[in-house]
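Q: File name final00.txt; file contents compact mmCIF, C-alpha atoms and all ligand atoms; full text below.
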# COMPACT_ATOMS: atom_id res chain seq x y z
CA MET A 251 -113.08 16.94 2.43
CA ALA A 252 -110.64 16.15 5.21
CA ARG A 253 -108.12 13.51 6.25
CA ILE A 254 -108.97 12.14 9.68
CA LEU A 255 -106.83 9.91 11.86
CA LEU A 256 -108.78 7.43 13.98
CA THR A 257 -106.90 6.07 16.98
CA GLY A 258 -108.53 2.75 17.85
CA GLY A 259 -109.95 2.87 14.33
CA ALA A 260 -110.13 -0.92 13.98
CA GLY A 261 -112.29 -1.26 17.10
CA PHE A 262 -116.06 -1.50 17.38
CA ILE A 263 -117.04 2.18 17.22
CA GLY A 264 -113.93 3.28 15.29
CA SER A 265 -114.55 0.89 12.38
CA HIS A 266 -118.18 1.97 12.01
CA THR A 267 -117.11 5.61 12.16
CA ALA A 268 -114.59 4.91 9.40
CA VAL A 269 -117.50 3.75 7.20
CA ALA A 270 -119.55 6.87 8.00
CA LEU A 271 -116.60 9.19 7.26
CA ILE A 272 -115.72 7.47 3.99
CA GLU A 273 -119.37 7.63 2.92
CA ARG A 274 -119.22 11.39 3.45
CA GLY A 275 -116.14 11.65 1.25
CA HIS A 276 -113.41 11.95 3.89
CA ASP A 277 -110.05 10.16 3.88
CA VAL A 278 -109.46 7.95 6.89
CA VAL A 279 -106.20 6.77 8.46
CA LEU A 280 -106.54 3.90 10.95
CA PHE A 281 -104.14 3.85 13.91
CA ASP A 282 -104.55 0.82 16.18
CA ASN A 283 -102.38 -1.59 18.15
CA PHE A 284 -104.97 -4.37 17.53
CA GLU A 285 -105.05 -5.15 21.23
CA ASN A 286 -108.84 -5.48 21.01
CA ALA A 287 -109.49 -5.70 17.28
CA GLU A 288 -109.29 -8.35 14.60
CA ARG A 289 -106.56 -7.95 11.99
CA ASP A 290 -108.97 -8.36 9.11
CA VAL A 291 -111.06 -5.31 10.04
CA PRO A 292 -109.32 -3.02 7.49
CA ALA A 293 -110.00 -5.60 4.74
CA ARG A 294 -113.64 -5.82 5.82
CA LEU A 295 -113.87 -2.02 5.73
CA ALA A 296 -112.52 -2.13 2.18
CA ARG A 297 -115.25 -4.63 1.24
CA ILE A 298 -117.92 -2.31 2.63
CA THR A 299 -116.62 1.00 1.28
CA GLY A 300 -114.48 0.05 -1.74
CA ILE A 301 -111.67 2.12 -0.19
CA VAL A 302 -108.43 0.76 1.24
CA CYS A 303 -107.51 2.93 4.22
CA PRO A 304 -103.90 3.34 5.32
CA VAL A 305 -103.34 1.37 8.54
CA ILE A 306 -100.69 2.15 11.13
CA GLU A 307 -100.28 -0.69 13.58
CA ALA A 308 -98.88 0.94 16.71
CA ASP A 309 -99.65 2.03 20.23
CA VAL A 310 -100.70 5.61 20.99
CA ARG A 311 -98.07 5.61 23.75
CA ASP A 312 -95.34 5.03 21.14
CA GLU A 313 -94.10 8.58 20.51
CA ALA A 314 -92.01 7.69 17.46
CA ALA A 315 -94.93 5.85 15.82
CA MET A 316 -97.27 8.74 16.54
CA ALA A 317 -94.79 11.23 15.07
CA ALA A 318 -94.37 9.04 12.00
CA ALA A 319 -98.15 8.81 11.55
CA PHE A 320 -98.45 12.59 11.45
CA ALA A 321 -95.35 12.94 9.24
CA LEU A 322 -96.66 10.44 6.68
CA GLN A 323 -99.58 12.58 5.54
CA PRO A 324 -101.21 15.85 6.55
CA ILE A 325 -103.97 15.19 9.11
CA ASP A 326 -106.84 17.63 9.60
CA ALA A 327 -108.36 16.13 12.75
CA VAL A 328 -108.10 13.17 15.11
CA ILE A 329 -110.92 11.04 16.53
CA HIS A 330 -109.52 9.41 19.64
CA PHE A 331 -111.18 6.05 20.33
CA ALA A 332 -108.13 4.10 21.52
CA ALA A 333 -108.61 3.13 25.15
CA LEU A 334 -109.26 0.24 27.47
CA LYS A 335 -112.96 0.16 28.30
CA ALA A 336 -113.98 -2.51 30.82
CA VAL A 337 -115.16 -0.99 34.10
CA GLY A 338 -114.54 -4.12 36.22
CA GLU A 339 -111.08 -4.68 34.74
CA SER A 340 -110.15 -1.04 35.46
CA GLU A 341 -110.65 -1.71 39.17
CA ARG A 342 -108.41 -4.78 39.00
CA GLU A 343 -105.70 -3.22 36.81
CA PRO A 344 -105.72 0.50 37.61
CA LEU A 345 -102.21 1.30 36.41
CA ARG A 346 -102.84 -0.35 33.06
CA TYR A 347 -105.95 1.80 32.61
CA TYR A 348 -104.32 5.06 33.70
CA ASP A 349 -101.36 4.30 31.45
CA SER A 350 -103.31 3.44 28.33
CA ASN A 351 -106.15 5.94 28.67
CA ILE A 352 -104.37 8.95 30.18
CA ILE A 353 -100.68 8.58 29.28
CA GLY A 354 -101.79 7.38 25.84
CA THR A 355 -103.86 10.52 25.35
CA ILE A 356 -101.04 12.78 26.58
CA ARG A 357 -98.62 11.23 24.07
CA LEU A 358 -101.20 11.64 21.32
CA LEU A 359 -101.80 15.29 22.23
CA ALA A 360 -98.05 15.97 22.30
CA ALA A 361 -97.67 14.44 18.85
CA MET A 362 -100.62 16.48 17.58
CA GLN A 363 -99.07 19.66 18.97
CA ARG A 364 -95.74 18.92 17.29
CA ALA A 365 -97.51 18.23 13.99
CA GLY A 366 -99.71 21.32 14.27
CA VAL A 367 -102.96 19.31 14.40
CA GLY A 368 -105.44 21.17 16.58
CA ARG A 369 -108.76 19.35 16.25
CA ILE A 370 -109.85 16.36 18.31
CA VAL A 371 -113.04 14.40 18.90
CA PHE A 372 -112.90 12.33 22.08
CA SER A 373 -114.79 9.16 23.08
CA SER A 374 -116.18 9.80 26.51
CA SER A 375 -118.97 7.93 28.24
CA ALA A 376 -122.24 8.34 30.11
CA THR A 377 -120.39 6.67 32.98
CA VAL A 378 -119.17 10.18 33.94
CA TYR A 379 -122.71 10.91 35.24
CA GLY A 380 -122.61 8.05 37.77
CA GLU A 381 -125.97 7.70 39.55
CA PRO A 382 -127.95 10.44 37.76
CA GLU A 383 -130.16 12.73 39.82
CA THR A 384 -132.68 13.02 36.95
CA CYS A 385 -133.40 11.30 33.62
CA PRO A 386 -133.15 12.22 30.80
CA ILE A 387 -129.62 13.37 31.64
CA PRO A 388 -128.51 16.72 30.20
CA GLU A 389 -124.83 17.51 29.57
CA THR A 390 -124.96 19.94 32.51
CA ALA A 391 -125.78 17.15 35.01
CA LYS A 392 -123.48 16.65 37.97
CA LEU A 393 -120.45 14.49 37.15
CA GLN A 394 -119.65 11.75 39.63
CA VAL A 395 -117.54 8.82 38.55
CA SER A 396 -117.37 5.67 40.58
CA SER A 397 -114.80 3.61 38.65
CA ILE A 398 -111.21 4.01 37.53
CA TYR A 399 -112.37 3.69 33.94
CA GLY A 400 -114.77 6.61 34.50
CA ARG A 401 -112.03 8.64 36.15
CA THR A 402 -109.78 8.17 33.11
CA LYS A 403 -112.58 9.52 30.89
CA LEU A 404 -113.20 12.51 33.13
CA ALA A 405 -109.48 13.23 33.37
CA VAL A 406 -109.13 13.30 29.58
CA GLU A 407 -112.22 15.51 29.28
CA SER A 408 -110.53 18.05 31.61
CA LEU A 409 -107.19 17.70 29.86
CA ILE A 410 -108.44 18.45 26.37
CA THR A 411 -110.78 21.20 27.58
CA ASP A 412 -107.76 22.88 29.22
CA LEU A 413 -105.77 22.56 26.00
CA GLU A 414 -108.55 24.22 24.03
CA ARG A 415 -108.86 27.01 26.62
CA THR A 416 -105.11 27.65 26.39
CA LYS A 417 -105.21 27.47 22.56
CA THR A 418 -103.00 24.39 22.27
CA LEU A 419 -105.99 22.78 20.57
CA SER A 420 -108.33 24.76 18.33
CA ALA A 421 -111.44 22.55 18.33
CA VAL A 422 -112.54 19.91 20.81
CA ALA A 423 -115.64 17.68 20.75
CA ILE A 424 -116.30 15.52 23.79
CA LEU A 425 -118.89 12.85 22.98
CA ARG A 426 -120.49 10.99 25.86
CA TYR A 427 -121.84 7.70 24.54
CA PHE A 428 -124.72 5.90 26.17
CA ASN A 429 -124.96 2.18 25.23
CA PRO A 430 -123.81 1.45 21.68
CA ILE A 431 -125.00 -1.85 20.21
CA GLY A 432 -125.89 -3.11 16.72
CA ALA A 433 -123.55 -3.53 13.79
CA HIS A 434 -123.11 -2.42 10.18
CA PRO A 435 -126.02 -3.90 8.14
CA SER A 436 -123.56 -5.79 5.91
CA GLY A 437 -122.72 -8.02 8.89
CA LEU A 438 -119.02 -7.54 8.07
CA ILE A 439 -118.05 -5.50 11.13
CA GLY A 440 -119.39 -5.47 14.67
CA GLU A 441 -118.46 -5.91 18.31
CA ASN A 442 -116.42 -8.99 19.07
CA PRO A 443 -115.12 -8.86 22.64
CA ARG A 444 -112.25 -11.09 23.67
CA GLY A 445 -113.10 -13.30 26.65
CA GLU A 446 -116.30 -12.90 28.63
CA PRO A 447 -118.30 -9.91 27.38
CA SER A 448 -118.92 -7.14 29.92
CA ASN A 449 -121.65 -5.53 27.77
CA LEU A 450 -125.18 -6.84 27.38
CA MET A 451 -125.62 -7.31 23.61
CA PRO A 452 -122.45 -9.35 22.97
CA TYR A 453 -123.51 -11.53 25.90
CA ILE A 454 -127.01 -12.02 24.46
CA CYS A 455 -125.46 -12.97 21.12
CA GLN A 456 -123.13 -15.50 22.74
CA VAL A 457 -126.08 -17.10 24.57
CA ALA A 458 -128.02 -17.17 21.29
CA ARG A 459 -125.07 -18.92 19.63
CA GLY A 460 -124.86 -21.49 22.44
CA ILE A 461 -121.42 -20.31 23.56
CA ARG A 462 -122.82 -19.46 27.01
CA PRO A 463 -125.69 -21.30 28.75
CA HIS A 464 -127.66 -18.29 29.91
CA LEU A 465 -127.71 -14.53 30.27
CA ASN A 466 -127.04 -13.29 33.79
CA VAL A 467 -129.54 -10.53 34.58
CA PHE A 468 -127.94 -8.43 37.31
CA GLY A 469 -130.86 -7.56 39.57
CA ARG A 470 -134.65 -7.72 39.12
CA ASP A 471 -135.41 -5.51 42.07
CA TYR A 472 -134.63 -2.08 40.62
CA PRO A 473 -137.35 0.59 40.93
CA THR A 474 -138.33 0.16 37.25
CA PRO A 475 -141.52 -1.34 35.71
CA ASP A 476 -140.00 -4.82 35.20
CA GLY A 477 -137.35 -4.56 37.92
CA THR A 478 -134.35 -4.61 35.54
CA GLY A 479 -132.03 -1.72 34.72
CA ILE A 480 -133.04 0.79 32.06
CA ARG A 481 -130.47 2.00 29.53
CA ASP A 482 -130.26 4.11 26.40
CA PHE A 483 -129.21 1.70 23.66
CA ILE A 484 -128.01 3.42 20.50
CA HIS A 485 -127.23 1.85 17.13
CA VAL A 486 -123.50 2.04 16.42
CA MET A 487 -124.19 3.43 12.91
CA ASP A 488 -126.14 6.31 14.46
CA LEU A 489 -123.18 6.87 16.76
CA ALA A 490 -120.80 6.72 13.80
CA GLU A 491 -122.80 9.34 11.90
CA ALA A 492 -122.70 11.60 14.96
CA HIS A 493 -118.89 11.41 14.91
CA ALA A 494 -118.81 12.44 11.28
CA ALA A 495 -121.05 15.42 12.08
CA ALA A 496 -118.96 16.32 15.15
CA VAL A 497 -115.65 16.24 13.31
CA GLU A 498 -117.13 18.32 10.49
CA HIS A 499 -118.23 20.87 13.11
CA CYS A 500 -114.64 20.95 14.44
CA LEU A 501 -113.31 21.44 10.91
CA ALA A 502 -115.72 24.33 10.32
CA GLN A 503 -115.23 26.28 13.52
CA PRO A 504 -113.00 26.49 16.60
CA GLY A 505 -114.16 25.98 20.17
CA ALA A 506 -115.03 23.17 22.57
CA PHE A 507 -118.33 21.36 23.08
CA THR A 508 -119.63 18.33 24.96
CA LEU A 509 -122.56 16.26 23.70
CA ASN A 510 -124.55 13.27 24.83
CA LEU A 511 -124.96 10.61 22.16
CA GLY A 512 -128.05 8.59 22.94
CA THR A 513 -131.56 8.12 21.62
CA GLY A 514 -133.31 9.66 24.63
CA GLN A 515 -135.34 6.42 25.05
CA GLY A 516 -134.97 4.19 28.08
CA VAL A 517 -135.18 0.44 27.35
CA SER A 518 -135.00 -2.21 30.08
CA VAL A 519 -132.75 -5.26 29.96
CA LEU A 520 -135.84 -7.50 29.64
CA ASP A 521 -137.28 -5.29 26.87
CA LEU A 522 -134.04 -5.64 24.92
CA VAL A 523 -133.96 -9.42 25.38
CA ALA A 524 -137.62 -9.67 24.29
CA ALA A 525 -136.94 -7.57 21.17
CA PHE A 526 -133.93 -9.77 20.32
CA GLU A 527 -135.98 -12.97 20.71
CA ARG A 528 -138.83 -11.54 18.64
CA VAL A 529 -136.90 -10.24 15.63
CA ASN A 530 -134.34 -13.03 15.47
CA GLU A 531 -136.58 -15.89 16.59
CA VAL A 532 -133.96 -17.18 19.00
CA PRO A 533 -134.76 -17.92 22.68
CA ILE A 534 -132.49 -16.44 25.35
CA LYS A 535 -132.32 -18.29 28.66
CA LEU A 536 -132.16 -15.94 31.63
CA ASN A 537 -130.60 -16.35 35.04
CA VAL A 538 -131.39 -13.62 37.55
CA VAL A 539 -128.48 -12.88 39.88
CA ALA A 540 -127.62 -10.15 42.39
CA ARG A 541 -127.15 -6.54 41.32
CA ARG A 542 -123.66 -5.64 40.10
CA PRO A 543 -121.90 -3.03 42.26
CA GLY A 544 -121.84 0.35 40.52
CA ASP A 545 -124.77 -0.36 38.15
CA VAL A 546 -127.42 2.37 38.23
CA ALA A 547 -131.18 1.75 37.94
CA ILE A 548 -132.03 4.14 35.11
CA CYS A 549 -129.78 5.98 32.69
CA TYR A 550 -130.85 7.64 29.45
CA ALA A 551 -129.78 10.74 27.61
CA ASP A 552 -131.23 14.07 26.86
CA PRO A 553 -129.90 14.18 23.26
CA ARG A 554 -131.37 17.57 22.27
CA LEU A 555 -128.09 19.48 22.32
CA ALA A 556 -126.57 17.13 19.72
CA LYS A 557 -129.58 17.76 17.51
CA SER A 558 -129.37 21.52 17.79
CA MET A 559 -125.56 21.69 17.38
CA LEU A 560 -124.98 19.01 14.78
CA GLY A 561 -128.40 18.52 13.22
CA TRP A 562 -127.98 14.88 14.23
CA GLN A 563 -130.35 12.53 15.97
CA ALA A 564 -130.48 8.77 16.29
CA SER A 565 -132.88 7.20 13.79
CA ARG A 566 -132.53 3.42 14.23
CA GLY A 567 -134.78 1.53 16.65
CA VAL A 568 -134.15 -1.33 19.06
CA GLU A 569 -135.37 -4.00 16.64
CA GLU A 570 -132.89 -2.84 13.99
CA MET A 571 -130.14 -2.91 16.62
CA CYS A 572 -131.04 -6.51 17.56
CA ARG A 573 -131.30 -7.66 13.95
CA ASP A 574 -127.97 -6.12 12.93
CA SER A 575 -126.15 -7.45 16.02
CA TRP A 576 -127.38 -10.95 15.31
CA ARG A 577 -126.60 -10.81 11.57
CA TRP A 578 -123.03 -9.83 12.44
CA GLN A 579 -122.74 -12.63 14.98
CA THR A 580 -124.11 -15.32 12.69
CA LEU A 581 -122.04 -14.25 9.68
CA TYR A 582 -118.92 -13.84 11.77
CA SER A 583 -119.21 -17.26 13.36
CA GLN A 584 -119.42 -19.08 10.02
N1 LIG A 601 -118.50 0.42 23.59
C1 LIG A 601 -119.03 1.12 24.57
O1 LIG A 601 -120.01 0.69 25.20
C2 LIG A 601 -118.47 2.47 24.95
C3 LIG A 601 -119.26 3.33 25.74
C4 LIG A 601 -118.72 4.57 26.08
C5 LIG A 601 -117.45 4.94 25.66
N2 LIG A 601 -116.72 4.07 24.92
C6 LIG A 601 -115.38 4.48 24.49
O2 LIG A 601 -115.33 4.48 23.08
C7 LIG A 601 -114.03 4.14 22.62
C8 LIG A 601 -114.13 3.02 21.62
O3 LIG A 601 -114.78 1.93 22.23
P1 LIG A 601 -115.06 0.58 21.46
O4 LIG A 601 -116.29 -0.01 22.05
O5 LIG A 601 -114.96 0.79 20.00
O6 LIG A 601 -113.83 -0.28 21.99
P2 LIG A 601 -112.86 -1.25 21.20
O7 LIG A 601 -112.04 -1.95 22.23
O8 LIG A 601 -113.62 -2.08 20.24
O9 LIG A 601 -111.96 -0.23 20.38
C9 LIG A 601 -110.82 0.38 20.91
C10 LIG A 601 -109.71 0.17 19.93
O10 LIG A 601 -108.53 0.81 20.43
C11 LIG A 601 -107.43 -0.06 20.26
N3 LIG A 601 -106.50 0.31 21.33
C12 LIG A 601 -106.66 0.17 22.67
N4 LIG A 601 -105.59 0.68 23.32
C13 LIG A 601 -104.76 1.17 22.37
C14 LIG A 601 -103.51 1.83 22.41
N5 LIG A 601 -102.89 2.07 23.58
N6 LIG A 601 -102.93 2.21 21.25
C15 LIG A 601 -103.54 1.97 20.06
N7 LIG A 601 -104.73 1.34 19.96
C16 LIG A 601 -105.32 0.95 21.10
C17 LIG A 601 -107.99 -1.47 20.40
O11 LIG A 601 -107.19 -2.43 19.74
C18 LIG A 601 -109.36 -1.30 19.73
O12 LIG A 601 -109.30 -1.57 18.35
C19 LIG A 601 -113.22 3.83 23.87
O13 LIG A 601 -112.49 4.98 24.22
C20 LIG A 601 -114.27 3.53 24.91
O14 LIG A 601 -113.81 3.82 26.20
C21 LIG A 601 -117.20 2.86 24.54
So that I can check it, write out the structure of this file as structure tokens.
Ligand SMILES: NC(=O)c1ccc[n+]([C@@H]2O[C@H](COP(=O)([O-])OP(=O)(O)OC[C@H]3O[C@@H](n4cnc5c(N)ncnc54)[C@H](O)[C@@H]3O)[C@@H](O)[C@H]2O)c1
A:
Amino acid sequence: MARILLTGGAGFIGSHTAVALIERGHDVVLFDNFENAERDVPARLARITGIVCPVIEADVRDEAAMAAAFALQPIDAVIHFAALKAVGESEREPLRYYDSNIIGTIRLLAAMQRAGVGRIVFSSSATVYGEPETCPIPETAKLQVSSIYGRTKLAVESLITDLERTKTLSAVAILRYFNPIGAHPSGLIGENPRGEPSNLMPYICQVARGIRPHLNVFGRDYPTPDGTGIRDFIHVMDLAEAHAAAVEHCLAQPGAFTLNLGTGQGVSVLDLVAAFERVNEVPIKLNVVARRPGDVAICYADPRLAKSMLGWQASRGVEEMCRDSWRWQTLYSQ
């Protein structure tokens, strides 16, 4: 069993990954500046797992804090979630995004090198594929980013691949997520964006709760059966289990690999809304507006490589994703 440091470990995907790692017997250290996470997430994790994880509240760009984190306890591997993640915001605040996502990663890697920690799992995104030429998208597809956020992800992919090639790092896993939604079935942790959500499911939940009057559907004129965009929604617990498998692969053998994490199933925006209404018995008012610049028509993964390398595949369906998202929202809002 290993001790794994999770940067951004109190965030949406990090907190669920902490649960999956603890369930597999690993020790977890949470490192987060709580810029986009609630302070009670570690306590909620303790309620779910029965384990109190050490928490370091600091920024990955803070070299002294990073050094202290590695000095405090031996770390076998890092899963690097900490980043800013809103595509639109990255276009408005480019320096903030380059600083947090790229400089932050460089500081982390320098601290890892000084501490002799050579294994990293990195949160990348399907956004690196841009407008895909074919679907399902294999990992070998052409990379073409159209946003500053996407460029920060691609830059870090290159950076850590170079460090593995030059033996500064021993094992590197680059995980390209498709569209994570859902929540832990306890309803104790989930996605809780600050301000207006930029992702679909938190928006649906806020409409369901009456916080927002309607869901803006960005375009009904895409070349898809119902005219709305098609995405590959994946349950965050499936994603979390993939991280546990990926980090275990890094612990077992050196080398670098890149994997898509998706279900391989394309689901339209209207399909997702209909599933949410059906399983939760809550109506969602829609408002069709113009397409959003940069949004692609269809995007879903070819997830076969993850299955063959890690023995992992997503097992939870769209209805479970909708039910768990809503349970989290209703419990959280009480
Ligand atoms: N959620 C998605 O749809 C999605 C899709 C593809 C990739 N990703 C990537 O996955 C990772 C995790 O995403 P998430 O949805 O859990 O986001 P999140 O915002 O919930 O989690 C990120 C966490 O990192 C922390 N953080 C941010 N900057 C930091 C810094 N400089 N130092 C220390 N902590 C910092 C935040 O407080 C937060 O807890 C990100 O790298 C994101 O780009 C997310």
Q: For each of A:Trp578, A:Phe526, A:Tyr427, A:Trp562, take the minimum atom-to-atom distance to Cys549 (chain A), counting all atoms listed in the file, then give the residue where this is smallest.
A: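 For Cys549 (chain A), the nearest of the given residues is A:Tyr427.
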Q: Restricting the calculation to only C-alpha atoms and all ligand atoms, which member of A:Ala564, A:Ala321, A:Leu256, A:Val328 is positioned closest to ligand LIG 601 (chain A)?
A: A:Leu256
Q: Go through chain A residue by residue and, counting only C-alpha atoms and all ligand atoms, keep those with an atom at most 8 Å from ligand LIG 601 (chain A); for each kept residue give the shortest atom pair and its distance in Å to one decimal, ordered by chain and increasing number, as JSON lines.
A:
{"residue": "A:Thr257", "atom": "CA", "partner": "A:LIG601", "partner_atom": "N7", "distance": 6.0}
{"residue": "A:Gly258", "atom": "CA", "partner": "A:LIG601", "partner_atom": "O10", "distance": 3.2}
{"residue": "A:Gly259", "atom": "CA", "partner": "A:LIG601", "partner_atom": "O12", "distance": 6.0}
{"residue": "A:Ala260", "atom": "CA", "partner": "A:LIG601", "partner_atom": "O12", "distance": 4.5}
{"residue": "A:Gly261", "atom": "CA", "partner": "A:LIG601", "partner_atom": "O12", "distance": 3.3}
{"residue": "A:Phe262", "atom": "CA", "partner": "A:LIG601", "partner_atom": "O5", "distance": 3.6}
{"residue": "A:Ile263", "atom": "CA", "partner": "A:LIG601", "partner_atom": "O5", "distance": 3.7}
{"residue": "A:Gly264", "atom": "CA", "partner": "A:LIG601", "partner_atom": "O5", "distance": 5.4}
{"residue": "A:Ser265", "atom": "CA", "partner": "A:LIG601", "partner_atom": "O5", "distance": 7.6}
{"residue": "A:Phe281", "atom": "CA", "partner": "A:LIG601", "partner_atom": "C15", "distance": 6.5}
{"residue": "A:Asp282", "atom": "CA", "partner": "A:LIG601", "partner_atom": "N7", "distance": 3.8}
{"residue": "A:Asn283", "atom": "CA", "partner": "A:LIG601", "partner_atom": "N7", "distance": 4.2}
{"residue": "A:Phe284", "atom": "CA", "partner": "A:LIG601", "partner_atom": "O11", "distance": 3.7}
{"residue": "A:Glu285", "atom": "CA", "partner": "A:LIG601", "partner_atom": "O11", "distance": 3.8}
{"residue": "A:Asn286", "atom": "CA", "partner": "A:LIG601", "partner_atom": "O11", "distance": 3.7}
{"residue": "A:Ala287", "atom": "CA", "partner": "A:LIG601", "partner_atom": "O12", "distance": 4.3}
{"residue": "A:Glu288", "atom": "CA", "partner": "A:LIG601", "partner_atom": "O12", "distance": 7.7}
{"residue": "A:Glu307", "atom": "CA", "partner": "A:LIG601", "partner_atom": "C15", "distance": 7.7}
{"residue": "A:Ala308", "atom": "CA", "partner": "A:LIG601", "partner_atom": "C15", "distance": 5.8}
{"residue": "A:Asp309", "atom": "CA", "partner": "A:LIG601", "partner_atom": "N6", "distance": 3.4}
{"residue": "A:Val310", "atom": "CA", "partner": "A:LIG601", "partner_atom": "N6", "distance": 4.1}
{"residue": "A:Arg311", "atom": "CA", "partner": "A:LIG601", "partner_atom": "N5", "distance": 6.0}
{"residue": "A:His330", "atom": "CA", "partner": "A:LIG601", "partner_atom": "O13", "distance": 7.0}
{"residue": "A:Phe331", "atom": "CA", "partner": "A:LIG601", "partner_atom": "C7", "distance": 4.1}
{"residue": "A:Ala332", "atom": "CA", "partner": "A:LIG601", "partner_atom": "O10", "distance": 3.5}
{"residue": "A:Ala333", "atom": "CA", "partner": "A:LIG601", "partner_atom": "N4", "distance": 4.3}
{"residue": "A:Leu334", "atom": "CA", "partner": "A:LIG601", "partner_atom": "C12", "distance": 5.5}
{"residue": "A:Lys335", "atom": "CA", "partner": "A:LIG601", "partner_atom": "O14", "distance": 4.3}
{"residue": "A:Ala336", "atom": "CA", "partner": "A:LIG601", "partner_atom": "O14", "distance": 7.8}
{"residue": "A:Ser350", "atom": "CA", "partner": "A:LIG601", "partner_atom": "N5", "distance": 5.0}
{"residue": "A:Asn351", "atom": "CA", "partner": "A:LIG601", "partner_atom": "N5", "distance": 7.2}
{"residue": "A:Gly354", "atom": "CA", "partner": "A:LIG601", "partner_atom": "N5", "distance": 5.9}
{"residue": "A:Phe372", "atom": "CA", "partner": "A:LIG601", "partner_atom": "O13", "distance": 7.7}
{"residue": "A:Ser373", "atom": "CA", "partner": "A:LIG601", "partner_atom": "O2", "distance": 4.7}
{"residue": "A:Ser374", "atom": "CA", "partner": "A:LIG601", "partner_atom": "C5", "distance": 5.1}
{"residue": "A:Ser375", "atom": "CA", "partner": "A:LIG601", "partner_atom": "C4", "distance": 4.0}
{"residue": "A:Ala376", "atom": "CA", "partner": "A:LIG601", "partner_atom": "C4", "distance": 6.5}
{"residue": "A:Thr377", "atom": "CA", "partner": "A:LIG601", "partner_atom": "C4", "distance": 7.4}
{"residue": "A:Tyr399", "atom": "CA", "partner": "A:LIG601", "partner_atom": "O14", "distance": 7.9}
{"residue": "A:Lys403", "atom": "CA", "partner": "A:LIG601", "partner_atom": "O14", "distance": 7.5}
{"residue": "A:Arg426", "atom": "CA", "partner": "A:LIG601", "partner_atom": "C4", "distance": 6.7}
{"residue": "A:Tyr427", "atom": "CA", "partner": "A:LIG601", "partner_atom": "C4", "distance": 4.7}
{"residue": "A:Phe428", "atom": "CA", "partner": "A:LIG601", "partner_atom": "C3", "distance": 6.0}
{"residue": "A:Asn429", "atom": "CA", "partner": "A:LIG601", "partner_atom": "O1", "distance": 5.2}
{"residue": "A:Pro430", "atom": "CA", "partner": "A:LIG601", "partner_atom": "O1", "distance": 5.2}
{"residue": "A:Ile431", "atom": "CA", "partner": "A:LIG601", "partner_atom": "O1", "distance": 7.5}
{"residue": "A:Glu441", "atom": "CA", "partner": "A:LIG601", "partner_atom": "O8", "distance": 6.5}
{"residue": "A:Asn442", "atom": "CA", "partner": "A:LIG601", "partner_atom": "O8", "distance": 7.5}
{"residue": "A:Pro443", "atom": "CA", "partner": "A:LIG601", "partner_atom": "O8", "distance": 7.3}
{"residue": "A:Asn449", "atom": "CA", "partner": "A:LIG601", "partner_atom": "O1", "distance": 6.9}
Q: So, with only C-alpha atoms as the atoms that count, which of A:Leu438, A:Leu489, A:Leu280, A:Val568 lies closest to Arg294 (chain A)?
A: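 So, comparing all the options, the nearest one is A:Leu438.
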Q: Can you measure CA of Ala360 (chain A) to CA of Leu322 (chain A) for me? One decimal in Å is fine.
A: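 Atom-to-atom, CA of Ala360 (chain A) and CA of Leu322 (chain A) are spaced 16.6 Å apart.
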Q: Could you tell me which of A:Ala327, A:Met362, A:Cys385, A:Met316 comes closest to Ala421 (chain A) if we count only C-alpha atoms?
A: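 Checking each candidate against Ala421 (chain A), we get A:Ala327 as the closest.
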Q: Taking all atoms listed in the file into account, name the residue in A:Ala252, A:Gly380, A:Ala547, A:Leu522 that is nearest to Pro473 (chain A).
A: A:Ala547
Q: In Å, how far is it from CA of Ala556 (chain A) to CA of His493 (chain A)?
A: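 Taking CA of Ala556 (chain A) as the start and CA of His493 (chain A) as the end point, the length is 10.7 Å.
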Q: What is the CA of Arg297 (chain A) to CA of Ala270 (chain A) distance in Å?
A: 14.0 Å
Q: Given all atoms listed in the file as the basis, pick out the residue of A:Leu413, A:Val337, A:Val467, A:Val532 nearest to Val395 (chain A).
A: A:Val337
Q: Scan for residues within 10 Å of the point (-133.1, 4.1, 18.0) in the coordinates of the file, using all atoms listed in the file, and reply as a ChimeraX atom specification.
A: /A:482-486,488,512-515,563-571
Q: May I have the residues within 7 Å of region 462-464 of chain A as a list in words, using all atoms listed in the file and disregarding those fewer than 3 positions away in the same chain?
A: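 Once the nearby chain positions are removed, what remains is Gln456, Val457, Ile534, Lys535, Leu536 and Asn537 of chain A.
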Q: Counting only C-alpha atoms, find residues at most 12 Å from (-114.9, 24.7, 21.0) (file frame) and give them as a ChimeraX atom specification.
A: /A:368-371,410-424,496-497,499-509,559
Q: Could you list, as a CSV table (one decimal) with C-alpha atoms, keeping the file's coordinate frame, every residue within 12 Å of Arg577 (chain A), counting all atoms listed in the file and ignoring same-chain residues fewer than 6 positions away?
A:
chain,number,residue,atom,x,y,z
A,432,GLY,CA,-125.9,-3.1,16.7
A,433,ALA,CA,-123.6,-3.5,13.8
A,434,HIS,CA,-123.1,-2.4,10.2
A,435,PRO,CA,-126.0,-3.9,8.1
A,436,SER,CA,-123.6,-5.8,5.9
A,437,GLY,CA,-122.7,-8.0,8.9
A,438,LEU,CA,-119.0,-7.5,8.1
A,439,ILE,CA,-118.0,-5.5,11.1
A,440,GLY,CA,-119.4,-5.5,14.7
A,441,GLU,CA,-118.5,-5.9,18.3
A,455,CYS,CA,-125.5,-13.0,21.1
A,458,ALA,CA,-128.0,-17.2,21.3
A,459,ARG,CA,-125.1,-18.9,19.6
A,526,PHE,CA,-133.9,-9.8,20.3
A,529,VAL,CA,-136.9,-10.2,15.6
A,530,ASN,CA,-134.3,-13.0,15.5
A,570,GLU,CA,-132.9,-2.8,14.0
A,571,MET,CA,-130.1,-2.9,16.6
A,583,SER,CA,-119.2,-17.3,13.4
A,584,GLN,CA,-119.4,-19.1,10.0
